[in-house]
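entry.cif (mmCIF, C-alpha atoms and all ligand atoms) appears below.
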data_target
loop_
_atom_site.label_atom_id
_atom_site.label_comp_id
_atom_site.auth_asym_id
_atom_site.auth_seq_id
_atom_site.Cartn_x
_atom_site.Cartn_y
_atom_site.Cartn_z
CA MET W 1 21.64 -5.29 -23.64
CA LYS W 2 21.10 -1.66 -24.56
CA LYS W 3 18.21 -0.04 -22.72
CA GLN W 4 15.19 0.77 -24.82
CA ILE W 5 12.43 3.35 -24.68
CA ARG W 6 9.33 2.34 -22.76
CA THR W 7 6.26 3.58 -24.58
CA ILE W 8 2.72 4.41 -23.46
CA ALA W 9 -0.02 1.76 -23.50
CA ALA W 10 -2.90 4.09 -22.63
CA ILE W 11 -3.69 7.61 -21.48
CA ILE W 12 -6.69 7.44 -19.18
CA PRO W 13 -8.76 10.54 -18.39
CA PRO W 14 -10.20 10.72 -14.86
CA PRO W 15 -13.15 8.29 -14.54
CA ALA W 16 -16.44 9.50 -13.01
CA VAL W 17 -16.07 10.39 -9.32
CA HIS W 18 -17.54 8.49 -6.42
CA MET W 19 -17.62 9.36 -2.73
CA VAL W 20 -15.61 7.57 -0.08
CA GLY W 21 -17.50 8.42 3.10
CA ASP W 22 -18.42 12.11 2.89
CA GLY W 23 -14.84 13.35 2.82
CA PHE W 24 -13.23 12.05 -0.32
CA LYS W 25 -14.44 12.49 -3.88
CA VAL W 26 -12.32 10.13 -5.91
CA HIS W 27 -11.52 9.00 -9.42
CA ASN W 28 -10.69 5.30 -9.29
CA PHE W 29 -8.09 4.58 -11.97
CA PHE W 30 -7.69 0.97 -10.91
CA PRO W 31 -8.80 -1.71 -10.46
CA SER W 32 -12.04 -0.38 -12.07
CA GLN W 33 -10.51 0.70 -15.39
CA ARG W 34 -10.37 -2.43 -17.50
CA ILE W 35 -7.13 -1.69 -19.26
CA ILE W 36 -5.36 -1.62 -15.89
CA GLY W 37 -7.55 -4.02 -13.88
CA GLU W 38 -6.34 -5.82 -10.75
CA LYS W 39 -2.94 -6.76 -12.11
CA GLY W 40 -1.85 -4.11 -14.60
CA MET W 41 -0.33 -1.97 -11.85
CA SER W 42 0.54 -4.71 -9.34
CA PRO W 43 2.01 -4.42 -6.69
CA TRP W 44 -0.47 -1.53 -6.41
CA PHE W 45 -4.02 -2.86 -6.26
CA LEU W 46 -5.99 0.37 -6.09
CA LEU W 47 -5.56 4.02 -6.97
CA ASP W 48 -8.13 6.53 -5.73
CA TYR W 49 -7.41 10.09 -6.75
CA ASN W 50 -9.13 13.03 -5.12
CA ALA W 51 -8.50 15.82 -7.62
CA LYS W 52 -8.55 19.41 -6.34
CA TRP W 53 -11.82 19.90 -4.44
CA ASP W 54 -12.74 23.13 -2.67
CA ILE W 55 -14.00 22.09 0.76
CA THR W 56 -16.55 24.43 2.31
CA PRO W 57 -15.81 25.25 5.96
CA GLY W 58 -17.57 23.02 8.50
CA GLU W 59 -17.42 22.24 12.21
CA LYS W 60 -17.78 18.49 11.66
CA PRO W 61 -14.78 17.08 9.79
CA ARG W 62 -15.72 15.08 6.72
CA GLY W 63 -14.18 11.70 6.15
CA VAL W 64 -14.64 7.98 6.36
CA GLY W 65 -15.44 6.23 9.64
CA VAL W 66 -14.00 3.12 11.25
CA HIS W 67 -13.41 0.27 8.80
CA PRO W 68 -11.04 -2.70 8.52
CA HIS W 69 -8.29 -3.70 6.10
CA ARG W 70 -6.29 -6.90 5.67
CA GLY W 71 -3.71 -8.08 3.15
CA ILE W 72 -2.59 -4.64 1.98
CA GLU W 73 -0.89 -1.40 2.89
CA THR W 74 -2.76 1.88 2.43
CA VAL W 75 -0.57 4.75 1.31
CA THR W 76 -2.03 8.24 1.42
CA ILE W 77 -0.28 11.21 -0.18
CA ALA W 78 -1.54 14.72 0.54
CA TYR W 79 -0.99 17.36 -2.13
CA HIS W 80 -3.36 19.98 -0.69
CA GLY W 81 -5.28 20.10 2.59
CA LYS W 82 -4.75 18.12 5.76
CA ILE W 83 -5.89 14.62 6.66
CA ALA W 84 -6.00 12.93 10.07
CA HIS W 85 -5.73 9.20 10.62
CA HIS W 86 -6.30 6.91 13.61
CA ASP W 87 -5.96 3.15 13.76
CA SER W 88 -6.63 0.32 16.20
CA GLY W 89 -2.88 -0.22 16.62
CA GLY W 90 -2.84 3.07 18.52
CA ASN W 91 -1.22 4.97 15.69
CA SER W 92 -2.45 8.34 14.59
CA GLY W 93 -1.12 11.18 12.53
CA ILE W 94 -1.90 14.26 10.54
CA ILE W 95 -0.51 14.75 7.08
CA GLY W 96 -0.33 18.02 5.21
CA GLU W 97 0.94 19.17 1.85
CA GLY W 98 3.60 16.79 0.53
CA ASP W 99 3.41 14.31 3.42
CA VAL W 100 2.69 10.60 3.21
CA GLN W 101 1.15 8.11 5.60
CA TRP W 102 1.99 4.50 4.95
CA MET W 103 -0.17 2.11 6.94
CA THR W 104 0.53 -1.60 6.82
CA ALA W 105 -2.78 -3.34 7.51
CA GLY W 106 -1.14 -6.78 7.18
CA GLY W 107 -3.07 -9.30 9.28
CA GLY W 108 -5.71 -6.74 10.14
CA VAL W 109 -6.35 -3.27 11.44
CA LEU W 110 -9.24 -0.84 11.88
CA HIS W 111 -8.78 2.77 10.90
CA LYS W 112 -10.63 6.00 10.18
CA GLU W 113 -9.62 8.84 7.89
CA TYR W 114 -10.89 12.41 8.28
CA HIS W 115 -10.11 15.94 7.25
CA GLU W 116 -7.99 17.49 9.98
CA LYS W 117 -10.07 19.62 12.39
CA GLU W 118 -8.56 23.02 11.70
CA PHE W 119 -8.47 22.44 7.92
CA SER W 120 -12.11 21.40 8.11
CA ARG W 121 -13.02 24.55 10.05
CA LYS W 122 -11.28 26.86 7.59
CA GLY W 123 -12.02 24.93 4.41
CA GLY W 124 -9.83 25.07 1.33
CA ILE W 125 -8.48 22.90 -1.40
CA LEU W 126 -8.17 19.17 -0.80
CA GLN W 127 -6.10 17.08 -3.18
CA MET W 128 -4.84 13.63 -2.31
CA VAL W 129 -4.05 10.15 -3.54
CA GLN W 130 -4.68 6.84 -1.85
CA LEU W 131 -2.95 3.72 -3.08
CA TRP W 132 -3.46 0.20 -1.84
CA VAL W 133 -0.22 -1.70 -2.04
CA ASN W 134 -0.85 -5.42 -2.30
CA LEU W 135 1.20 -7.62 0.00
CA PRO W 136 2.92 -10.78 -1.21
CA LYS W 137 1.33 -13.98 0.15
CA ALA W 138 4.24 -14.42 2.59
CA PHE W 139 3.46 -11.03 4.21
CA LYS W 140 -0.36 -10.92 4.07
CA ARG W 141 -0.52 -11.46 7.85
CA THR W 142 2.46 -9.35 8.85
CA PRO W 143 1.74 -7.35 12.03
CA ALA W 144 0.09 -3.98 11.37
CA LYS W 145 2.40 -0.98 11.48
CA TYR W 146 2.55 2.66 10.52
CA GLN W 147 5.14 4.82 8.80
CA ALA W 148 4.72 8.59 8.95
CA ILE W 149 6.75 10.17 6.20
CA GLU W 150 6.94 13.92 6.33
CA ASN W 151 7.88 15.79 3.20
CA LYS W 152 11.11 17.02 4.79
CA ASP W 153 12.23 13.40 5.34
CA MET W 154 12.02 12.50 1.66
CA SER W 155 15.17 12.25 -0.40
CA ARG W 156 15.48 14.68 -3.30
CA TYR W 157 17.40 14.37 -6.53
CA PRO W 158 17.99 17.81 -8.07
CA LEU W 159 17.54 18.16 -11.82
CA ASP W 160 19.69 20.16 -14.20
CA ASP W 161 17.72 23.42 -14.05
CA GLY W 162 18.55 23.72 -10.35
CA LYS W 163 14.91 24.21 -9.31
CA SER W 164 13.18 21.00 -10.34
CA PHE W 165 13.69 17.76 -8.45
CA VAL W 166 12.58 14.19 -8.01
CA GLU W 167 11.27 13.50 -4.51
CA LEU W 168 11.50 9.88 -3.38
CA ILE W 169 8.83 8.28 -1.20
CA THR W 170 10.26 4.80 -1.67
CA GLY W 171 12.62 3.06 -4.07
CA ASP W 172 15.75 4.24 -5.80
CA TYR W 173 16.62 6.97 -8.27
CA LYS W 174 20.12 7.58 -9.60
CA GLY W 175 21.85 6.34 -6.46
CA ILE W 176 19.56 7.76 -3.78
CA SER W 177 16.77 5.97 -1.87
CA GLY W 178 13.39 6.97 -0.46
CA PRO W 179 12.55 6.51 3.25
CA ALA W 180 9.44 4.25 3.15
CA LEU W 181 9.97 0.51 3.63
CA SER W 182 7.96 -1.82 1.41
CA PHE W 183 7.50 -5.60 1.29
CA SER W 184 8.19 -5.98 -2.43
CA PRO W 185 10.35 -3.96 -4.84
CA MET W 186 8.76 -0.68 -5.91
CA ASN W 187 9.45 2.95 -6.69
CA MET W 188 7.17 5.86 -5.79
CA PHE W 189 8.36 9.34 -6.66
CA ASN W 190 6.98 12.83 -7.12
CA ALA W 191 8.68 14.70 -9.93
CA ARG W 192 8.28 18.40 -9.13
CA LEU W 193 9.14 20.15 -12.35
CA ILE W 194 9.44 23.73 -13.51
CA LYS W 195 8.25 24.38 -17.08
CA GLY W 196 10.89 23.24 -19.57
CA SER W 197 12.70 20.85 -17.26
CA VAL W 198 13.39 17.27 -18.27
CA ALA W 199 13.75 14.09 -16.22
CA ASP W 200 14.52 10.55 -17.30
CA PHE W 201 13.58 7.33 -15.55
CA SER W 202 14.78 3.77 -15.98
CA PHE W 203 13.04 0.79 -14.43
CA ASP W 204 13.17 -2.97 -15.02
CA ARG W 205 11.23 -3.85 -18.13
CA GLU W 206 9.00 -6.31 -16.23
CA TYR W 207 7.95 -3.65 -13.70
CA ASN W 208 4.43 -2.29 -14.00
CA THR W 209 4.77 1.43 -14.58
CA GLY W 210 2.38 4.36 -14.63
CA ILE W 211 2.17 8.05 -13.87
CA LEU W 212 -0.54 10.29 -12.49
CA MET W 213 -0.53 13.95 -13.50
CA ILE W 214 -1.20 15.75 -10.23
CA GLU W 215 -0.62 19.19 -11.66
CA GLY W 216 0.43 20.77 -14.95
CA GLU W 217 1.13 19.00 -18.20
CA ILE W 218 4.03 16.94 -19.50
CA LYS W 219 5.26 15.46 -22.74
CA ILE W 220 6.50 11.87 -22.63
CA ASN W 221 9.30 10.58 -24.87
CA ASN W 222 8.96 13.76 -26.88
CA SER W 223 5.64 12.51 -28.27
CA GLU W 224 2.51 12.15 -26.07
CA ILE W 225 1.05 14.99 -24.01
CA ILE W 226 -0.39 13.96 -20.63
CA PRO W 227 -2.93 16.48 -19.32
CA GLU W 228 -3.63 17.26 -15.67
CA ASN W 229 -5.54 14.56 -13.74
CA ASN W 230 -4.84 11.88 -16.38
CA PHE W 231 -3.12 8.57 -15.73
CA ALA W 232 -0.65 7.15 -18.24
CA LEU W 233 0.01 3.41 -18.26
CA PHE W 234 3.24 2.21 -19.84
CA LYS W 235 3.98 -0.90 -21.88
CA HIS W 236 6.67 -3.44 -21.06
CA ASP W 237 8.60 -2.72 -24.25
CA GLY W 238 11.60 -0.95 -22.73
CA GLU W 239 13.14 0.49 -19.60
CA VAL W 240 13.60 4.21 -20.11
CA PHE W 241 11.17 7.09 -20.48
CA ILE W 242 11.69 10.82 -20.53
CA ILE W 243 9.31 13.49 -19.32
CA GLU W 244 9.40 17.16 -20.18
CA ALA W 245 7.35 19.72 -18.28
CA VAL W 246 5.14 21.68 -20.70
CA LYS W 247 3.89 23.64 -17.68
CA ASP W 248 5.06 23.68 -14.05
CA SER W 249 4.12 20.15 -13.04
CA ILE W 250 3.85 17.57 -10.29
CA VAL W 251 3.95 13.98 -11.51
CA LEU W 252 3.42 10.90 -9.36
CA ILE W 253 5.58 8.11 -10.76
CA LEU W 254 4.93 4.46 -9.91
CA SER W 255 7.02 1.50 -11.04
CA GLY W 256 7.10 -1.83 -9.25
CA LYS W 257 7.67 -5.53 -9.61
CA PRO W 258 4.36 -7.31 -10.23
CA ILE W 259 3.27 -9.78 -7.55
CA ASP W 260 2.62 -12.91 -9.56
CA GLU W 261 0.07 -14.52 -7.23
CA PRO W 262 -3.70 -15.03 -7.35
CA VAL W 263 -5.81 -12.09 -6.14
CA SER W 264 -9.12 -12.40 -4.35
CA ALA W 265 -10.47 -9.04 -3.30
CA TYR W 266 -13.69 -7.84 -1.74
CA GLY W 267 -14.43 -4.54 -0.04
CA PRO W 268 -11.49 -3.56 2.18
CA PHE W 269 -9.71 -6.92 1.94
CA VAL W 270 -7.21 -8.12 -0.67
CA MET W 271 -6.23 -11.77 -0.22
CA ASN W 272 -5.20 -14.70 -2.41
CA THR W 273 -8.32 -16.90 -2.14
CA GLU W 274 -12.06 -16.54 -1.62
CA GLU W 275 -11.72 -18.64 1.52
CA GLU W 276 -9.40 -16.02 2.99
CA ILE W 277 -11.91 -13.26 2.18
CA LYS W 278 -14.65 -15.13 4.08
CA GLU W 279 -12.25 -15.64 6.95
CA ALA W 280 -11.42 -11.91 6.97
CA TYR W 281 -15.12 -11.02 7.29
CA GLN W 282 -15.59 -13.66 10.01
CA ASP W 283 -12.58 -12.36 11.95
CA TYR W 284 -13.84 -8.80 11.55
CA PHE W 285 -17.32 -9.71 12.85
CA ASP W 286 -15.66 -11.66 15.71
CA GLY W 287 -13.82 -8.51 16.78
CA LYS W 288 -10.36 -9.85 15.95
CA PHE W 289 -9.28 -6.60 14.29
CA GLY W 290 -9.11 -4.79 17.62
CA TYR W 291 -11.09 -1.75 18.68
CA LEU W 292 -11.26 1.84 17.53
CA GLU W 293 -13.69 4.48 18.77
CA ASP W 294 -15.87 6.13 16.12
MN MN D 1 -9.21 2.70 4.62
#
Whole structure, structure tokens version:
Amino acid sequence: MKKQIRTIAAIIPPPAVHMVGDGFKVHNFFPSQRIIGEKGMSPWFLLDYNAKWDITPGEKPRGVGVHPHRGIETVTIAYHGKIAHHDSGGNSGIIGEGDVQWMTAGGGVLHKEYHEKEFSRKGGILQMVQLWVNLPKAFKRTPAKYQAIENKDMSRYPLDDGKSFVELITGDYKGISGPALSFSPMNMFNARLIKGSVADFSFDREYNTGILMIEGEIKINNSEIIPENNFALFKHDGEVFIIEAVKDSIVLILSGKPIDEPVSAYGPFVMNTEEEIKEAYQDYFDGKFGYLED
């Protein structure tokens, strides 16, 4: 069958911010926005977007203290500033501009997320994204693990103008693959576009698909303009969409196969049933998530 154009279902301006700890000031695009909800962007369960925020210098790094997760992976992408991470599996890392940390909480992990010390001391612009990738039922209790993905390790597909490119975090684009391993099929790319450049994308029609405008402004399918800091959710009416950079732009592109399983979520846990949520809290209170110093 001939591929068809995938059109936009909604353009969502950034919702009111809320604080995560004292270090992240985020717009939650989902699950809180009704049009997307808990399933409209599955396999991603949550998208918190910290738009550009000028951090005043401070000796004590801001952030969010020790807390648990189970049933998901947390994927953090830094666009500006530096973030440090530690978890109870003994993994730690610092990510800077363009880097990604991909933490599989699986059966359970404790972690903490702070501004990196030196960045905190100097201050400056912080801009980042955190996604929670839901895990299929079969992998909810997979052992915790950590993938550090530096910007230099990402695959790049050059576009026709010779300067713009698509940077792959995971998934496939025109014959190349991104480095991160996932538990269900998904694509996560950054399109880094110079004004006037054009990129086309083709994903399975059933895949949930959306884009977050990190910087600049683009035109989609030669019709809708997506302003900075807006999220565009696509319909399931076709495979292909085309973006054109109206300004120099960075676009986060997400397209993945929905996980067609029940979701029961509360706080930091995303499971399939309410029973499993209660169990997660019990296990957490019983100390079964390990230990991590504050
Ligand atoms: Mn967390």
With all atoms listed in the file as the atoms that count, which of W:Lys137, W:Lys145, W:Lys52, W:Arg62 lies nearest to Thr74 of chain W? W:Lys145
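Nearest residue to ligand MN 1 (chain D) among W:Pro43, W:Pro268, W:Gly290, W:Gly98 is W:Pro268, counting only C-alpha atoms and all ligand atoms.
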Atom CA of Gly256 of chain W and atom CA of Asp172 of chain W, how far apart in Å?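 So the answer is 11.1 Å.
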Set the cut-off to 12 Å, count only C-alpha atoms and all ligand atoms, and list whatever residues fall near ligand MN 1 (chain D) as a VMD selection string. chain W and resid 20 to 21 24 46 48 63 to 70 72 to 76 85 to 87 101 to 105 108 to 114 130 to 132 267 to 269
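Near segment 53-61 of chain W, within 6 Å and counting all atoms listed in the file, sit His115, Lys117, Ser120, Arg121, Lys122, Gly123, Gly124, Ile125 and Leu126 of chain W; same-chain residues fewer than 2 positions away were not included.
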Record the distance separating atom CA of Pro179 of chain W and atom CA of Pro227 of chain W, expressed in Å with one decimal. 29.1 Å
Skipping near chain neighbours, those fewer than 6 positions away, what residues fall within 9 Å of Ile277 of chain W using only C-alpha atoms, listed as JSON, numbers by chain? {"W": [264, 265, 266, 269, 270, 271]}
I need the residues from that last selection saved to file as a short mmCIF file (atom, residue, chain, number, x, y, z; two decimals), in the coordinates of the input (with C-alpha atoms), if you can.
data_model
loop_
_atom_site.label_atom_id
_atom_site.label_comp_id
_atom_site.auth_asym_id
_atom_site.auth_seq_id
_atom_site.Cartn_x
_atom_site.Cartn_y
_atom_site.Cartn_z
CA SER W 264 -9.12 -12.40 -4.35
CA ALA W 265 -10.47 -9.04 -3.30
CA TYR W 266 -13.69 -7.84 -1.74
CA PHE W 269 -9.71 -6.92 1.94
CA VAL W 270 -7.21 -8.12 -0.67
CA MET W 271 -6.23 -11.77 -0.22
#
Restricting the calculation to only C-alpha atoms: of W:Gly178, W:Gly93, W:Gly196, W:Gly37, which residue gets closest to Lys152 of chain W?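 The answer is W:Gly178, which sits nearest to Lys152 of chain W.
Nearest residue to Phe201 of chain W, choosing from W:Ile253, W:Ile176, W:Leu168, W:Ala84 and counting all atoms listed in the file: W:Ile253.
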Can you pull out the residues contacting Ile149 of chain W? Cut-off 9 Å, using only C-alpha atoms, and skip same-chain residues under 4 positions away; I want them as a list in words.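 After dropping sequence-adjacent residues, the list is Ile95, Asp99, Val100, Gln101, Trp102, Asp153, Met154, Ile169, Pro179 and Ala180 of chain W.
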In Å to one decimal, how far is atom CA of Ala191 of chain W from atom CA of Glu167 of chain W? 6.1 Å
Counting only C-alpha atoms, the residue among W:Asn50, W:Gln127, W:Asn134, W:Asn190 that lies closest to Lys82 of chain W is W:Gln127
How big is the axis-aligned box, and where does its centre sit, when it encloses all atoms of segment 264-283 of chain W listed in the file and has 4 Å added on every side, reported in Å to one decimal as lines of an AutoDock Vina configuration file?
center_x = -10.4
center_y = -11.1
center_z = 3.8
size_x = 18.4
size_y = 23.1
size_z = 24.3
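Among the candidate residues W:Gly171, W:Phe203, W:Leu252, W:Ile94, the one lying nearest to Val129 of chain W is W:Leu252, with distances computed using all atoms listed in the file.
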Excluding Glu206 of chain W and its own-chain neighbours fewer than 5 positions away, which residues fall within 9 Å of it when counting all atoms listed in the file? Please give them as a list in words.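 Counting all atoms listed in the file, the residues come to His236, Asp237, Gly238, Glu239, Gly256, Lys257 and Pro258 of chain W.
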Which neighbours of Asp248 of chain W fall inside 9 Å, counting only C-alpha atoms, when residues of the same chain fewer than 6 positions from it are skipped, and could you give them as a CSV table (one decimal) with C-alpha atoms, in the coordinates of the input?
chain,number,residue,atom,x,y,z
W,192,ARG,CA,8.3,18.4,-9.1
W,193,LEU,CA,9.1,20.2,-12.4
W,194,ILE,CA,9.4,23.7,-13.5
W,195,LYS,CA,8.2,24.4,-17.1
W,196,GLY,CA,10.9,23.2,-19.6
W,197,SER,CA,12.7,20.8,-17.3
W,215,GLU,CA,-0.6,19.2,-11.7
W,216,GLY,CA,0.4,20.8,-15.0
W,217,GLU,CA,1.1,19.0,-18.2
W,218,ILE,CA,4.0,16.9,-19.5
